[in-house]
$ cat protein_35.cif   # mmCIF, C-alpha atoms
data_input
loop_
_atom_site.label_atom_id
_atom_site.label_comp_id
_atom_site.auth_asym_id
_atom_site.auth_seq_id
_atom_site.Cartn_x
_atom_site.Cartn_y
_atom_site.Cartn_z
CA MET A 30 -47.09 285.45 213.24
CA LYS A 31 -44.17 286.72 215.28
CA ASP A 32 -46.10 289.09 217.52
CA PRO A 33 -49.93 288.72 217.51
CA LYS A 34 -50.14 291.49 220.14
CA LEU A 35 -49.51 294.05 217.38
CA ILE A 36 -52.67 292.94 215.57
CA ASN A 37 -54.64 292.62 218.79
CA ASP A 38 -53.80 296.18 219.79
CA THR A 39 -55.06 297.48 216.43
CA PHE A 40 -58.10 295.32 215.65
CA ASP A 41 -59.28 293.80 218.95
CA SER A 42 -62.14 296.31 219.24
CA LEU A 43 -63.37 295.44 215.72
CA PHE A 44 -63.29 291.64 215.61
CA GLU A 45 -64.59 288.89 217.89
CA PRO A 46 -62.02 286.70 219.70
CA ALA A 47 -62.44 283.70 217.38
CA LEU A 48 -61.67 285.83 214.32
CA MET A 49 -58.73 287.50 216.06
CA ALA A 50 -57.31 284.03 216.75
CA GLU A 51 -57.65 283.07 213.09
CA ILE A 52 -56.04 286.30 211.92
CA ALA A 53 -53.13 285.74 214.31
CA SER A 54 -52.62 282.22 212.98
CA VAL A 55 -52.60 283.04 209.24
CA ALA A 56 -51.38 286.64 208.94
CA LYS A 57 -47.86 287.56 207.93
CA LEU A 58 -46.38 290.77 209.35
CA VAL A 59 -44.57 292.83 206.73
CA GLU A 60 -42.57 295.97 207.47
CA PHE A 61 -42.38 298.65 204.78
CA LYS A 62 -40.41 301.83 204.18
CA GLU A 63 -41.52 305.18 202.82
CA GLY A 64 -41.75 304.96 199.04
CA ASP A 65 -42.13 301.17 198.86
CA VAL A 66 -44.63 299.93 196.24
CA LEU A 67 -46.86 297.51 198.15
CA ILE A 68 -49.40 296.81 195.41
CA ASP A 69 -48.73 297.49 191.73
CA LEU A 70 -50.91 298.01 188.68
CA GLY A 71 -51.75 294.93 186.66
CA LYS A 72 -50.70 292.44 189.32
CA TYR A 73 -52.88 289.73 190.80
CA ILE A 74 -53.40 290.28 194.52
CA LYS A 75 -52.82 287.21 196.67
CA THR A 76 -53.05 288.81 200.12
CA LEU A 77 -55.23 291.42 201.81
CA PRO A 78 -53.47 294.16 203.80
CA LEU A 79 -54.58 295.17 207.30
CA LEU A 80 -52.64 298.28 208.24
CA ILE A 81 -51.15 298.20 211.74
CA LYS A 82 -48.84 301.20 211.60
CA GLY A 83 -47.98 303.95 209.14
CA ALA A 84 -49.80 305.37 206.10
CA ILE A 85 -50.25 304.21 202.51
CA LYS A 86 -51.42 306.27 199.54
CA ILE A 87 -53.63 304.69 196.89
CA MET A 88 -52.92 305.93 193.36
CA ARG A 89 -54.95 305.47 190.17
CA GLU A 90 -53.41 305.64 186.70
CA ASP A 91 -55.24 307.86 184.19
CA PHE A 92 -55.56 307.61 180.44
CA ASP A 93 -52.66 310.00 179.84
CA GLU A 94 -50.25 307.75 181.76
CA GLY A 95 -50.24 310.01 184.77
CA GLU A 96 -51.40 309.09 188.26
CA LEU A 97 -53.87 310.57 190.69
CA LEU A 98 -54.06 310.25 194.47
CA LEU A 99 -57.37 308.62 195.44
CA TYR A 100 -57.06 308.32 199.22
CA PHE A 101 -54.80 307.44 202.14
CA LEU A 102 -54.94 304.34 204.32
CA GLU A 103 -54.20 304.76 208.02
CA LYS A 104 -53.90 302.50 211.07
CA GLY A 105 -56.78 300.01 211.21
CA ASP A 106 -57.70 300.39 207.53
CA THR A 107 -57.75 298.04 204.59
CA CYS A 108 -58.11 298.87 200.90
CA ALA A 109 -61.60 298.42 199.41
CA ILE A 110 -60.24 298.15 195.87
CA THR A 111 -57.89 295.42 197.03
CA LEU A 112 -60.85 293.63 198.61
CA ALA A 113 -62.72 293.76 195.31
CA CYS A 114 -59.72 292.42 193.41
CA CYS A 115 -59.29 289.62 195.95
CA MET A 116 -62.93 288.57 195.81
CA GLY A 117 -63.10 288.78 192.01
CA GLU A 118 -59.61 287.37 191.40
CA THR A 119 -58.87 290.26 189.05
CA LYS A 120 -55.72 292.27 188.46
CA SER A 121 -55.05 295.37 190.52
CA GLU A 122 -56.21 298.69 189.06
CA ILE A 123 -54.42 300.76 191.68
CA ARG A 124 -50.91 301.30 192.98
CA ALA A 125 -50.35 301.35 196.75
CA ILE A 126 -47.26 303.30 197.83
CA ALA A 127 -46.00 303.74 201.39
CA GLU A 128 -46.39 307.35 202.51
CA THR A 129 -44.46 306.61 205.71
CA ASP A 130 -42.59 303.69 207.26
CA GLY A 131 -45.02 301.19 208.74
CA LEU A 132 -46.24 297.67 209.35
CA VAL A 133 -49.00 295.65 207.68
CA ALA A 134 -50.59 292.27 208.34
CA MET A 135 -51.08 290.34 205.09
CA ILE A 136 -54.01 287.90 205.01
CA PRO A 137 -54.15 285.14 202.32
CA ILE A 138 -57.14 285.82 200.05
CA ASN A 139 -58.59 282.32 200.41
CA TYR A 140 -59.90 283.35 203.85
CA MET A 141 -61.95 286.30 202.56
CA GLU A 142 -65.17 284.54 201.53
CA GLU A 143 -64.99 282.08 204.42
CA TRP A 144 -64.79 284.91 206.96
CA MET A 145 -67.58 286.86 205.21
CA ALA A 146 -69.93 283.93 205.85
CA LYS A 147 -68.54 283.00 209.26
CA TYR A 148 -68.01 286.29 211.12
CA HIS A 149 -70.42 289.20 211.46
CA SER A 150 -67.60 291.53 212.51
CA TRP A 151 -65.65 290.75 209.33
CA ARG A 152 -68.70 291.47 207.13
CA ALA A 153 -69.25 294.75 208.95
CA PHE A 154 -65.56 295.67 208.59
CA VAL A 155 -65.59 294.94 204.84
CA LEU A 156 -68.82 296.88 204.22
CA THR A 157 -67.64 299.83 206.31
CA SER A 158 -64.34 299.83 204.43
CA TYR A 159 -66.14 299.83 201.08
CA ASN A 160 -68.38 302.69 202.17
CA GLY A 161 -65.52 304.79 203.57
CA ARG A 162 -63.30 304.35 200.53
CA LEU A 163 -66.22 305.03 198.16
CA ASN A 164 -66.91 308.32 199.92
CA GLU A 165 -63.23 309.25 199.68
CA MET A 166 -63.13 308.43 195.97
CA LEU A 167 -66.28 310.48 195.38
CA ALA A 168 -64.61 313.35 197.23
CA ALA A 169 -61.56 312.96 194.96
CA ILE A 170 -63.81 313.11 191.89
CA ASP A 171 -65.60 316.17 193.27
CA ASN A 172 -62.24 317.84 193.86
CA ILE A 173 -61.23 317.28 190.26
CA ALA A 174 -64.58 318.26 188.77
CA PHE A 175 -65.62 321.15 190.97
CA MET A 176 -62.73 322.43 193.06
CA LYS A 177 -60.14 324.86 191.77
CA MET A 178 -56.52 323.73 191.97
CA ASP A 179 -55.65 326.15 194.77
CA ARG A 180 -58.30 324.60 197.04
CA ARG A 181 -57.31 321.07 195.98
CA LEU A 182 -53.69 321.82 196.79
CA TYR A 183 -54.40 323.31 200.20
CA SER A 184 -56.70 320.38 201.09
CA TYR A 185 -53.92 318.03 200.01
CA LEU A 186 -51.40 319.82 202.26
CA LEU A 187 -53.75 319.61 205.24
CA GLU A 188 -54.46 315.91 204.67
CA THR A 189 -50.78 315.06 204.20
CA ALA A 190 -49.88 316.90 207.40
CA LYS A 191 -52.59 314.99 209.28
CA ILE A 192 -51.46 311.62 207.89
CA ASN A 193 -47.85 312.29 208.90
CA SER A 194 -48.76 313.96 212.24
CA SER A 195 -46.49 316.86 211.35
CA ASN A 196 -46.79 320.36 209.93
CA MET A 197 -43.60 319.70 207.94
CA ILE A 198 -44.36 318.22 204.51
CA ASN A 199 -41.28 316.57 203.04
CA LYS A 200 -42.27 316.54 199.38
CA THR A 201 -40.92 318.31 196.33
CA HIS A 202 -43.12 320.50 194.16
CA GLN A 203 -42.80 317.87 191.42
CA GLU A 204 -43.98 315.08 193.72
CA ILE A 205 -47.03 317.11 194.73
CA ALA A 206 -47.79 317.93 191.10
CA TYR A 207 -47.56 314.23 190.25
CA GLU A 208 -50.02 313.21 192.96
CA LEU A 209 -52.50 315.96 192.01
CA ASN A 210 -52.09 315.31 188.29
CA SER A 211 -50.94 318.89 187.70
CA SER A 212 -47.70 320.55 186.57
CA ARG A 213 -44.76 321.60 188.73
CA VAL A 214 -45.04 325.19 187.46
CA VAL A 215 -48.67 325.47 188.58
CA ILE A 216 -47.97 323.90 191.98
CA SER A 217 -44.92 326.12 192.60
CA ARG A 218 -46.91 329.23 191.71
CA LEU A 219 -49.76 328.31 194.06
CA LEU A 220 -47.39 327.39 196.89
CA LYS A 221 -45.71 330.78 196.56
CA ALA A 222 -49.13 332.44 196.72
CA PHE A 223 -49.93 330.47 199.90
CA GLU A 224 -46.64 331.64 201.39
CA ASN A 225 -47.49 335.26 200.58
CA GLU A 226 -50.85 334.76 202.31
CA GLY A 227 -49.11 333.44 205.43
CA LYS A 228 -50.54 329.92 205.15
CA ILE A 229 -47.24 328.10 204.63
CA LYS A 230 -43.50 328.61 204.71
CA LEU A 231 -41.42 327.29 201.82
CA ASN A 232 -38.12 325.85 202.99
CA ARG A 233 -35.27 324.41 200.94
CA SER A 234 -36.36 320.80 201.31
CA ASN A 235 -39.87 320.93 202.74
CA ILE A 236 -43.08 322.91 203.23
CA GLU A 237 -44.24 324.07 206.65
CA LEU A 238 -47.92 324.60 207.38
CA LEU A 239 -48.43 327.68 209.57
#
$ encode --input "protein_35.cif" --output "structure tokens"
Amino acid sequence: MKDPKLINDTFDSLFEPALMAEIASVAKLVEFKEGDVLIDLGKYIKTLPLLIKGAIKIMREDFDEGELLLYFLEKGDTCAITLACCMGETKSEIRAIAETDGLVAMIPINYMEEWMAKYHSWRAFVLTSYNGRLNEMLAAIDNIAFMKMDRRLYSYLLETAKINSSNMINKTHQEIAYELNSSRVVISRLLKAFENEGKIKLNRSNIELL
């Protein structure tokens, strides 16, 4: 670990000192760039990510060979699906893609069960992560099943702006369509309607929330 202070600043309020010391001794800090694939479909997961800086989107492949955005990870998060794969030694069923530049602490999976038995704070963190990600996945299912595409799209724009701490969304219409499992034509039409309603401004290379 080159700089344990980075982990301490992010997770010190969650974990007891003894666990923080163990994390600092075994974790590997990995920088990533926007667009990097951090976890891929069908791969065995050997390390657990603890996100220190930046944002990561978790994508699920559907039966038609498309992909769907499940949820975002932010500072202080880990991925519940990754936890499940680590504990069960199964292949990944998700793809994790960097939404922004950032930094992650990678923990070897052989510490997962040991820490579950040894540290109350780790058990609480894992269970809270499972619960939070489950609620987000249920919300994603509800959006698909019950919410019209215009509401899904606007919710997506708001969430993306929050994740990036900016009202400027630097994504193409095709990229948005891909993440919402829709078509570019539908997304472009809805974005134009939002612009006419005064909710957004469509620029040449980005979308501005008003």
$ resolve_selection --input "protein_35.cif" --expression "the PyMOL selection byres ((chain A and resi 165) around 12)" --output "PyMOL selection string"
chain A and resi 87+98-102+108-109+158-164+166-172
$ residues_near_point --input "protein_35.cif" --point "(-51.3, 293.7, 194.3)" --cutoff "12 Å" --atoms "only C-alpha atoms" --output "ChimeraX atom specification"
/A:66-78,87,108,110-115,118-126,135,138
$ write_last_selection --input "protein_35.cif" --atoms "C-alpha atoms" --output "CSV table (one decimal), keeping the file's coordinate frame"
chain,number,residue,atom,x,y,z
A,66,VAL,CA,-44.6,299.9,196.2
A,67,LEU,CA,-46.9,297.5,198.2
A,68,ILE,CA,-49.4,296.8,195.4
A,69,ASP,CA,-48.7,297.5,191.7
A,70,LEU,CA,-50.9,298.0,188.7
A,71,GLY,CA,-51.8,294.9,186.7
A,72,LYS,CA,-50.7,292.4,189.3
A,73,TYR,CA,-52.9,289.7,190.8
A,74,ILE,CA,-53.4,290.3,194.5
A,75,LYS,CA,-52.8,287.2,196.7
A,76,THR,CA,-53.0,288.8,200.1
A,77,LEU,CA,-55.2,291.4,201.8
A,78,PRO,CA,-53.5,294.2,203.8
A,87,ILE,CA,-53.6,304.7,196.9
A,108,CYS,CA,-58.1,298.9,200.9
A,110,ILE,CA,-60.2,298.2,195.9
A,111,THR,CA,-57.9,295.4,197.0
A,112,LEU,CA,-60.8,293.6,198.6
A,113,ALA,CA,-62.7,293.8,195.3
A,114,CYS,CA,-59.7,292.4,193.4
A,115,CYS,CA,-59.3,289.6,196.0
A,118,GLU,CA,-59.6,287.4,191.4
A,119,THR,CA,-58.9,290.3,189.0
A,120,LYS,CA,-55.7,292.3,188.5
A,121,SER,CA,-55.0,295.4,190.5
A,122,GLU,CA,-56.2,298.7,189.1
A,123,ILE,CA,-54.4,300.8,191.7
A,124,ARG,CA,-50.9,301.3,193.0
A,125,ALA,CA,-50.4,301.4,196.8
A,126,ILE,CA,-47.3,303.3,197.8
A,135,MET,CA,-51.1,290.3,205.1
A,138,ILE,CA,-57.1,285.8,200.0
$ closest_residue --input "protein_35.cif" --among "A:Ala84, A:Val133, A:Leu182, A:Ala153" --to "Leu220 in chain A" --atoms "all atoms listed in the file"
A:Leu182
$ closest_residue --input "protein_35.cif" --among "A:Leu156, A:Glu143, A:Thr107, A:Ile205" --to "Thr189 in chain A" --atoms "all atoms listed in the file"
A:Ile205
$ residues_near_point --input "protein_35.cif" --point "(-56.3, 287.9, 216.9)" --cutoff "10 Å" --atoms "only C-alpha atoms" --output "list of chain:residue names"
A:Pro33, A:Lys34, A:Leu35, A:Ile36, A:Asn37, A:Asp38, A:Thr39, A:Phe40, A:Asp41, A:Phe44, A:Glu45, A:Pro46, A:Ala47, A:Leu48, A:Met49, A:Ala50, A:Glu51, A:Ile52, A:Ala53, A:Ser54, A:Val55, A:Ala56
$ closest_residue --input "protein_35.cif" --among "A:Thr201, A:Ser194, A:Asn235, A:Asn139" --to "Gly83 in chain A" --atoms "all atoms listed in the file"
A:Ser194
$ resolve_selection --input "protein_35.cif" --expression "the PyMOL selection byres ((chain A and resi 129) around 12)" --output "PyMOL selection string"
chain A and resi 60-66+80+82-86+101-104+125-128+130-132+189-190+192-195+198-200
$ axis_aligned_box --input "protein_35.cif" --around "range 150-154 of chain A" --padding-each-side "4 Å" --output "AutoDock Vina command-line options"
--center_x -67.4 --center_y 293.2 --center_z 209.8 --size_x 11.7 --size_y 12.9 --size_z 13.4
$ atom_distance --input "protein_35.cif" --atom1 "CA of Glu204 in chain A" --atom2 "CA of Asp179 in chain A"
16.1 Å
$ atom_distance --input "protein_35.cif" --atom1 "CA of Leu219 in chain A" --atom2 "CA of Glu96 in chain A"
20.1 Å
$ atom_distance --input "protein_35.cif" --atom1 "CA of Asn196 in chain A" --atom2 "CA of Val215 in chain A"
22.0 Å
$ closest_residue --input "protein_35.cif" --among "A:Arg89, A:Glu224, A:Phe154, A:Asn210" --to "Met178 in chain A" --atoms "only C-alpha atoms"
A:Asn210
$ closest_residue --input "protein_35.cif" --among "A:Trp151, A:Ser184, A:Ser212, A:His202" --to "Leu231 in chain A" --atoms "only C-alpha atoms"
A:His202
$ decode --input "protein_35.cif" --residues "range 187-212 of chain A" --atoms "N, CA and C atoms" --output "mmCIF file, in the first residue's frame"
data_model
loop_
_atom_site.group_PDB
_atom_site.id
_atom_site.type_symbol
_atom_site.label_atom_id
_atom_site.label_comp_id
_atom_site.auth_asym_id
_atom_site.auth_seq_id
_atom_site.Cartn_x
_atom_site.Cartn_y
_atom_site.Cartn_z
ATOM 1 N N LEU A 187 -30.702 12.789 -14.232
ATOM 2 C CA LEU A 187 -30.507 13.360 -12.890
ATOM 3 C C LEU A 187 -29.454 12.577 -12.114
ATOM 4 N N GLU A 188 -29.515 11.245 -12.184
ATOM 5 C CA GLU A 188 -28.568 10.413 -11.452
ATOM 6 C C GLU A 188 -27.155 10.572 -12.009
ATOM 7 N N THR A 189 -27.030 10.627 -13.322
ATOM 8 C CA THR A 189 -25.718 10.801 -13.941
ATOM 9 C C THR A 189 -25.108 12.146 -13.566
ATOM 10 N N ALA A 190 -25.933 13.189 -13.550
ATOM 11 C CA ALA A 190 -25.451 14.512 -13.149
ATOM 12 C C ALA A 190 -24.968 14.492 -11.700
ATOM 13 N N LYS A 191 -25.714 13.798 -10.830
ATOM 14 C CA LYS A 191 -25.323 13.723 -9.419
ATOM 15 C C LYS A 191 -24.001 12.973 -9.267
ATOM 16 N N ILE A 192 -23.869 11.844 -9.962
ATOM 17 C CA ILE A 192 -22.660 11.030 -9.869
ATOM 18 C C ILE A 192 -21.432 11.827 -10.303
ATOM 19 N N ASN A 193 -21.591 12.634 -11.358
ATOM 20 C CA ASN A 193 -20.468 13.389 -11.909
ATOM 21 C C ASN A 193 -20.325 14.782 -11.307
ATOM 22 N N SER A 194 -21.243 15.139 -10.384
ATOM 23 C CA SER A 194 -21.222 16.471 -9.744
ATOM 24 C C SER A 194 -21.180 17.585 -10.781
ATOM 25 N N SER A 195 -21.982 17.424 -11.829
ATOM 26 C CA SER A 195 -22.017 18.417 -12.897
ATOM 27 C C SER A 195 -23.342 18.325 -13.642
ATOM 28 N N ASN A 196 -23.861 19.467 -14.055
ATOM 29 C CA ASN A 196 -25.073 19.490 -14.865
ATOM 30 C C ASN A 196 -24.791 19.206 -16.338
ATOM 31 N N MET A 197 -23.518 19.077 -16.691
ATOM 32 C CA MET A 197 -23.132 18.756 -18.061
ATOM 33 C C MET A 197 -22.934 17.241 -18.173
ATOM 34 N N ILE A 198 -23.700 16.611 -19.036
ATOM 35 C CA ILE A 198 -23.630 15.164 -19.216
ATOM 36 C C ILE A 198 -22.940 14.878 -20.547
ATOM 37 N N ASN A 199 -21.736 14.352 -20.466
ATOM 38 C CA ASN A 199 -20.916 14.144 -21.660
ATOM 39 C C ASN A 199 -21.121 12.740 -22.223
ATOM 40 N N LYS A 200 -22.305 12.488 -22.735
ATOM 41 C CA LYS A 200 -22.639 11.210 -23.324
ATOM 42 C C LYS A 200 -23.383 11.434 -24.633
ATOM 43 N N THR A 201 -23.161 10.535 -25.585
ATOM 44 C CA THR A 201 -23.905 10.613 -26.835
ATOM 45 C C THR A 201 -25.286 9.991 -26.646
ATOM 46 N N HIS A 202 -26.178 10.290 -27.580
ATOM 47 C CA HIS A 202 -27.513 9.701 -27.530
ATOM 48 C C HIS A 202 -27.420 8.185 -27.626
ATOM 49 N N GLN A 203 -26.468 7.686 -28.407
ATOM 50 C CA GLN A 203 -26.294 6.237 -28.555
ATOM 51 C C GLN A 203 -25.825 5.600 -27.257
ATOM 52 N N GLU A 204 -24.917 6.259 -26.553
ATOM 53 C CA GLU A 204 -24.434 5.726 -25.277
ATOM 54 C C GLU A 204 -25.562 5.644 -24.263
ATOM 55 N N ILE A 205 -26.398 6.674 -24.212
ATOM 56 C CA ILE A 205 -27.531 6.666 -23.292
ATOM 57 C C ILE A 205 -28.509 5.556 -23.665
ATOM 58 N N ALA A 206 -28.787 5.409 -24.945
ATOM 59 C CA ALA A 206 -29.688 4.359 -25.409
ATOM 60 C C ALA A 206 -29.157 2.979 -25.010
ATOM 61 N N TYR A 207 -27.854 2.805 -25.126
ATOM 62 C CA TYR A 207 -27.219 1.533 -24.780
ATOM 63 C C TYR A 207 -27.419 1.222 -23.296
ATOM 64 N N GLU A 208 -27.215 2.202 -22.440
ATOM 65 C CA GLU A 208 -27.308 1.973 -21.005
ATOM 66 C C GLU A 208 -28.749 1.786 -20.545
ATOM 67 N N LEU A 209 -29.709 2.344 -21.272
ATOM 68 C CA LEU A 209 -31.120 2.184 -20.922
ATOM 69 C C LEU A 209 -31.798 1.089 -21.731
ATOM 70 N N ASN A 210 -30.998 0.377 -22.534
ATOM 71 C CA ASN A 210 -31.516 -0.714 -23.360
ATOM 72 C C ASN A 210 -32.667 -0.221 -24.246
ATOM 73 N N SER A 211 -32.450 0.905 -24.896
ATOM 74 C CA SER A 211 -33.432 1.488 -25.800
ATOM 75 C C SER A 211 -32.749 1.736 -27.141
ATOM 76 N N SER A 212 -33.408 2.502 -28.010
ATOM 77 C CA SER A 212 -32.813 2.830 -29.312
ATOM 78 C C SER A 212 -32.412 4.298 -29.342
#
